[in-house]
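Asks: I'd like to ask some things about the structure below.
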Amino acid sequence: MPEKVLVIGSGPIIIGQAAEFDYAGTQACRSLREEGIEVVLVNSNPATIMTDEDMADRIYIEPLTVPVLERIIARERPDGLLGTLGGQTGLNLLVDLEKMGILEKYNVKTLGTSVSSVEMAEDREQFRDLLERIGEPVLPSYAVESIDEAIVAAAKIGYPAVVRPAYTLGGTGGGIAQNENELRNIASGGIAASKVGQVLIERSLLGWKEIEYEVIRDGAGNVITICNMENL
């Protein structure tokens with residue numbers, strides 16, 4: 001059990017990264033403190049519930065960047081880092097801190113979802129390959145890194161085609177292209193929005209009914225459905 005945990009907040013409220021992350025981060029801070037764990041919170045947005053003075057033992061209102069986080073880690077020396085409650089910003093920072101060796105340098109353990117799992121889920125090609133390996137049905141799709149590759153992929157799949165940028169949430173940078181001109185515009189924005197310059201070109205399911213289930217699992221393999229919905 002860690003004695004001190006650094007929690008990464010979600011920063012400003014934007015599309016795909018809104019108040020639900022503030023709520024989740026607030027609940028995490030409360031739960032950690034109930035267990036007697038010292039909580040250090042960093043968030044660039046002071047207009048959140050999680051930055052209230054009674055939510056953490058120490059609160060840093062600082063830019064959410066790797067250099068700033070390294071400085072805070074060096075000063076606070078947390079045992080664990082919780083980066084999965086900060087939306088796309090938190091996920092990106094978690095991956096960058098791991099890749100740059102900062103977590104290993106200061107002996108900080110990643111709590112919750114592992115960095116390898118984040119990378120697997122965020123990289124569209126890796127995630128598709130994983131689903132295929134475990135026998136889950138997936139739509140025809142191609143991971144591409146240029147406009148020309150996107151055009152070739154869409155020609156194979158057919159229009160309308162869905163553009164899904166890697167390392168983004170809430171549809172940021174993506175869209176549905178009805179023709180090649182629209183594909184050029186959407187794919188260009190998607191590649192620019194993606195942290196790794198990658199988008200997935202996928203067959204559209206416009207007109208289908210979408211039923212969504214949100215499921216969480218703990219380290220012991222216990223699974224619970226926390227909500228379900230029909231998207232209209």
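Scheme for the structure tokens: letters A, B, ... for chains in order shown; per-chain residue numbers from 1; ligand numbers from 1 in order shown.
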Could you list, with a cut-off of 12 Å and counting only C-alpha atoms, the residues of range 35-124 of chain A near range 153-164 of chain A, each shown with its nearest atom pair and the distance in Å rounded to one decimal, rows sorted by chain and ascending number, as CSV?
Replies:
residue,atom,partner,partner_atom,distance
A:Glu122,CA,A:Arg164,CA,10.7
A:Asp123,CA,A:Arg164,CA,10.4
A:Arg124,CA,A:Arg164,CA,8.0
Asks: Can you spit out the residues from that selection as a short mmCIF file (atom, residue, chain, number, x, y, z; two decimals), in the first residue's frame, using N, CA and C atoms?
Replies:
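Written file, selection.cif:
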data_model
loop_
_atom_site.label_atom_id
_atom_site.label_comp_id
_atom_site.auth_asym_id
_atom_site.auth_seq_id
_atom_site.Cartn_x
_atom_site.Cartn_y
_atom_site.Cartn_z
N GLU A 122 -4.94 2.97 -26.52
CA GLU A 122 -4.91 4.25 -27.21
C GLU A 122 -4.42 4.14 -28.65
N ASP A 123 -3.56 3.17 -28.92
CA ASP A 123 -3.06 2.95 -30.28
C ASP A 123 -4.11 2.15 -31.04
N ARG A 124 -4.72 2.78 -32.04
CA ARG A 124 -5.85 2.15 -32.75
C ARG A 124 -5.47 0.81 -33.38
#
Asks: Would you pick out the contacts of Thr225 in chain A at 12 Å or less, using only C-alpha atoms, so that residues sharing its chain but fewer than 3 positions from it are not included, and give the list as number ranges by chain?
Replies: A: 212-217, 222, 228-229
Asks: Nearest to Asp148 in chain A: which of A:Leu183, A:Arg71, A:Pro165, A:Phe21 is it, counting only C-alpha atoms?
Replies: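 Looking at the shortest contact to Asp148 in chain A, the residue is A:Leu183.
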Asks: From the set A:Lys99, A:Lys105, A:Lys4, A:Arg77, which residue has the shortest atom-to-atom contact distance to Asp57 in chain A, counting only C-alpha atoms?
Replies: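 Closest candidate: A:Lys4.
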Asks: Could you check how far CA of Val108 in chain A sits from CA of Pro78 in chain A, in Å to one decimal?
Replies: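 The value is 6.5 Å.
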Asks: How would you write, as an MDAnalysis selection string, the set of residues in range 65-203 of chain A that DSSP gives as strand (DSSP E or B)?
Replies: chainID A and resid 80:82 109:110 141:144 161:165 175:177 199:203
Asks: Tell me, counting only C-alpha atoms, for each residue of range 79-109 of chain A within 12 Å of range 29-35 of chain A, which pair of atoms is nearest and how far apart they are in Å to one decimal, in rows ordered by chain and increasing number, as a tab-separated table.
Replies:
residue	atom	partner	partner_atom	distance
A:Gly80	CA	A:Leu32	CA	11.3
A:Leu81	CA	A:Leu32	CA	11.9
A:Leu82	CA	A:Cys29	CA	10.0
A:Leu85	CA	A:Cys29	CA	10.3
Asks: Output N, CA and C atoms of each residue in that selection to a file, as a PDB file, in the first residue's frame.
Replies:
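File again.pdb, as written:
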ATOM      1  N   GLY A  80       3.329   6.381  -5.458  1.00  0.00           N
ATOM      2  CA  GLY A  80       2.497   5.963  -6.580  1.00  0.00           C
ATOM      3  C   GLY A  80       1.992   7.149  -7.378  1.00  0.00           C
ATOM      4  N   LEU A  81       1.626   6.870  -8.626  1.00  0.00           N
ATOM      5  CA  LEU A  81       1.085   7.891  -9.520  1.00  0.00           C
ATOM      6  C   LEU A  81      -0.233   7.398 -10.092  1.00  0.00           C
ATOM      7  N   LEU A  82      -1.273   8.221  -9.976  1.00  0.00           N
ATOM      8  CA  LEU A  82      -2.582   7.895 -10.531  1.00  0.00           C
ATOM      9  C   LEU A  82      -2.851   8.876 -11.669  1.00  0.00           C
ATOM     10  N   LEU A  85      -7.157   9.287 -14.229  1.00  0.00           N
ATOM     11  CA  LEU A  85      -8.361  10.054 -13.907  1.00  0.00           C
ATOM     12  C   LEU A  85      -8.270  11.483 -14.427  1.00  0.00           C
TER      13      LEU A  85
END
Asks: Show which residues sit within 10 Å of Val144 in chain A, as a ChimeraX atom specification. Count only C-alpha atoms, and ignore same-chain residues fewer than 6 positions away.
Replies: /A:124-125,150-153,165,187,191,197-201
Asks: Please write the residues from the selection above to a file, keeping N, CA and C atoms, as a compact mmCIF listing (two decimals), in the first residue's frame.
Replies:
# COMPACT_ATOMS: atom_id res chain seq x y z
N ARG A 124 -4.72 2.78 -32.04
CA ARG A 124 -5.85 2.15 -32.75
C ARG A 124 -5.47 0.81 -33.38
N GLU A 125 -4.28 0.74 -33.95
CA GLU A 125 -3.85 -0.49 -34.61
C GLU A 125 -3.61 -1.60 -33.59
N ALA A 150 -4.70 7.26 -45.97
CA ALA A 150 -6.12 7.33 -45.60
C ALA A 150 -7.01 7.16 -46.82
N ILE A 151 -6.63 7.77 -47.93
CA ILE A 151 -7.42 7.67 -49.16
C ILE A 151 -7.43 6.23 -49.67
N VAL A 152 -6.28 5.57 -49.62
CA VAL A 152 -6.20 4.17 -50.05
C VAL A 152 -7.06 3.29 -49.15
N ALA A 153 -7.00 3.52 -47.84
CA ALA A 153 -7.78 2.73 -46.89
C ALA A 153 -9.27 2.92 -47.12
N PRO A 165 -8.81 9.35 -34.61
CA PRO A 165 -7.42 9.61 -34.23
C PRO A 165 -7.00 8.81 -32.99
N ALA A 187 -9.11 13.72 -42.06
CA ALA A 187 -7.89 12.96 -41.76
C ALA A 187 -6.73 13.89 -41.44
N ILE A 191 -4.88 13.55 -37.89
CA ILE A 191 -3.45 13.25 -37.76
C ILE A 191 -2.76 14.32 -36.92
N GLY A 197 0.35 10.92 -34.36
CA GLY A 197 0.15 11.13 -35.79
C GLY A 197 -0.51 9.96 -36.49
N GLN A 198 -1.45 9.32 -35.83
CA GLN A 198 -2.10 8.13 -36.40
C GLN A 198 -3.61 8.25 -36.33
N VAL A 199 -4.30 7.83 -37.39
CA VAL A 199 -5.76 7.74 -37.37
C VAL A 199 -6.17 6.36 -37.89
N LEU A 200 -7.33 5.93 -37.46
CA LEU A 200 -7.90 4.68 -37.93
C LEU A 200 -9.01 5.01 -38.92
N ILE A 201 -8.95 4.43 -40.10
CA ILE A 201 -10.01 4.57 -41.09
C ILE A 201 -10.88 3.32 -40.98
Asks: Could you tell me how far CA of Cys227 in chain A lies from CA of Ala121 in chain A, in Å and to one decimal?
Replies: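 It comes out at 20.3 Å.
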Asks: Write out as a list in words the residues lying within 12 Å of Arg128 in chain A, counting only C-alpha atoms and excluding same-chain residues fewer than 5 positions away.
Replies: Met120, Ala121, Glu122, Asp123, Arg133, Ile134, Gly135, Glu136, Pro137, Val138, Leu139, Pro140, Ser141, Tyr142, Ala143, Ala166, Leu200, Ile201 and Glu202 of chain A
Asks: Separation of CA of Thr89 in chain A and CA of Glu182 in chain A, in Å?
Replies: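 CA of Glu182 in chain A lies 27.9 Å from CA of Thr89 in chain A.
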Asks: I'd like to know which residues of range 14-180 of chain A are alpha helix (DSSP H) (by DSSP, run on the backbone); could you write them as a PyMOL selection string?
Replies: chain A and resi 19-34+66-76+87-99+102-105+115-122+124-133+147-157+180
Asks: Nearest to Tyr167 in chain A: which of A:Pro67, A:Gly9, A:Gly207, A:Gly87 is it, counting only C-alpha atoms?
Replies: A:Gly87
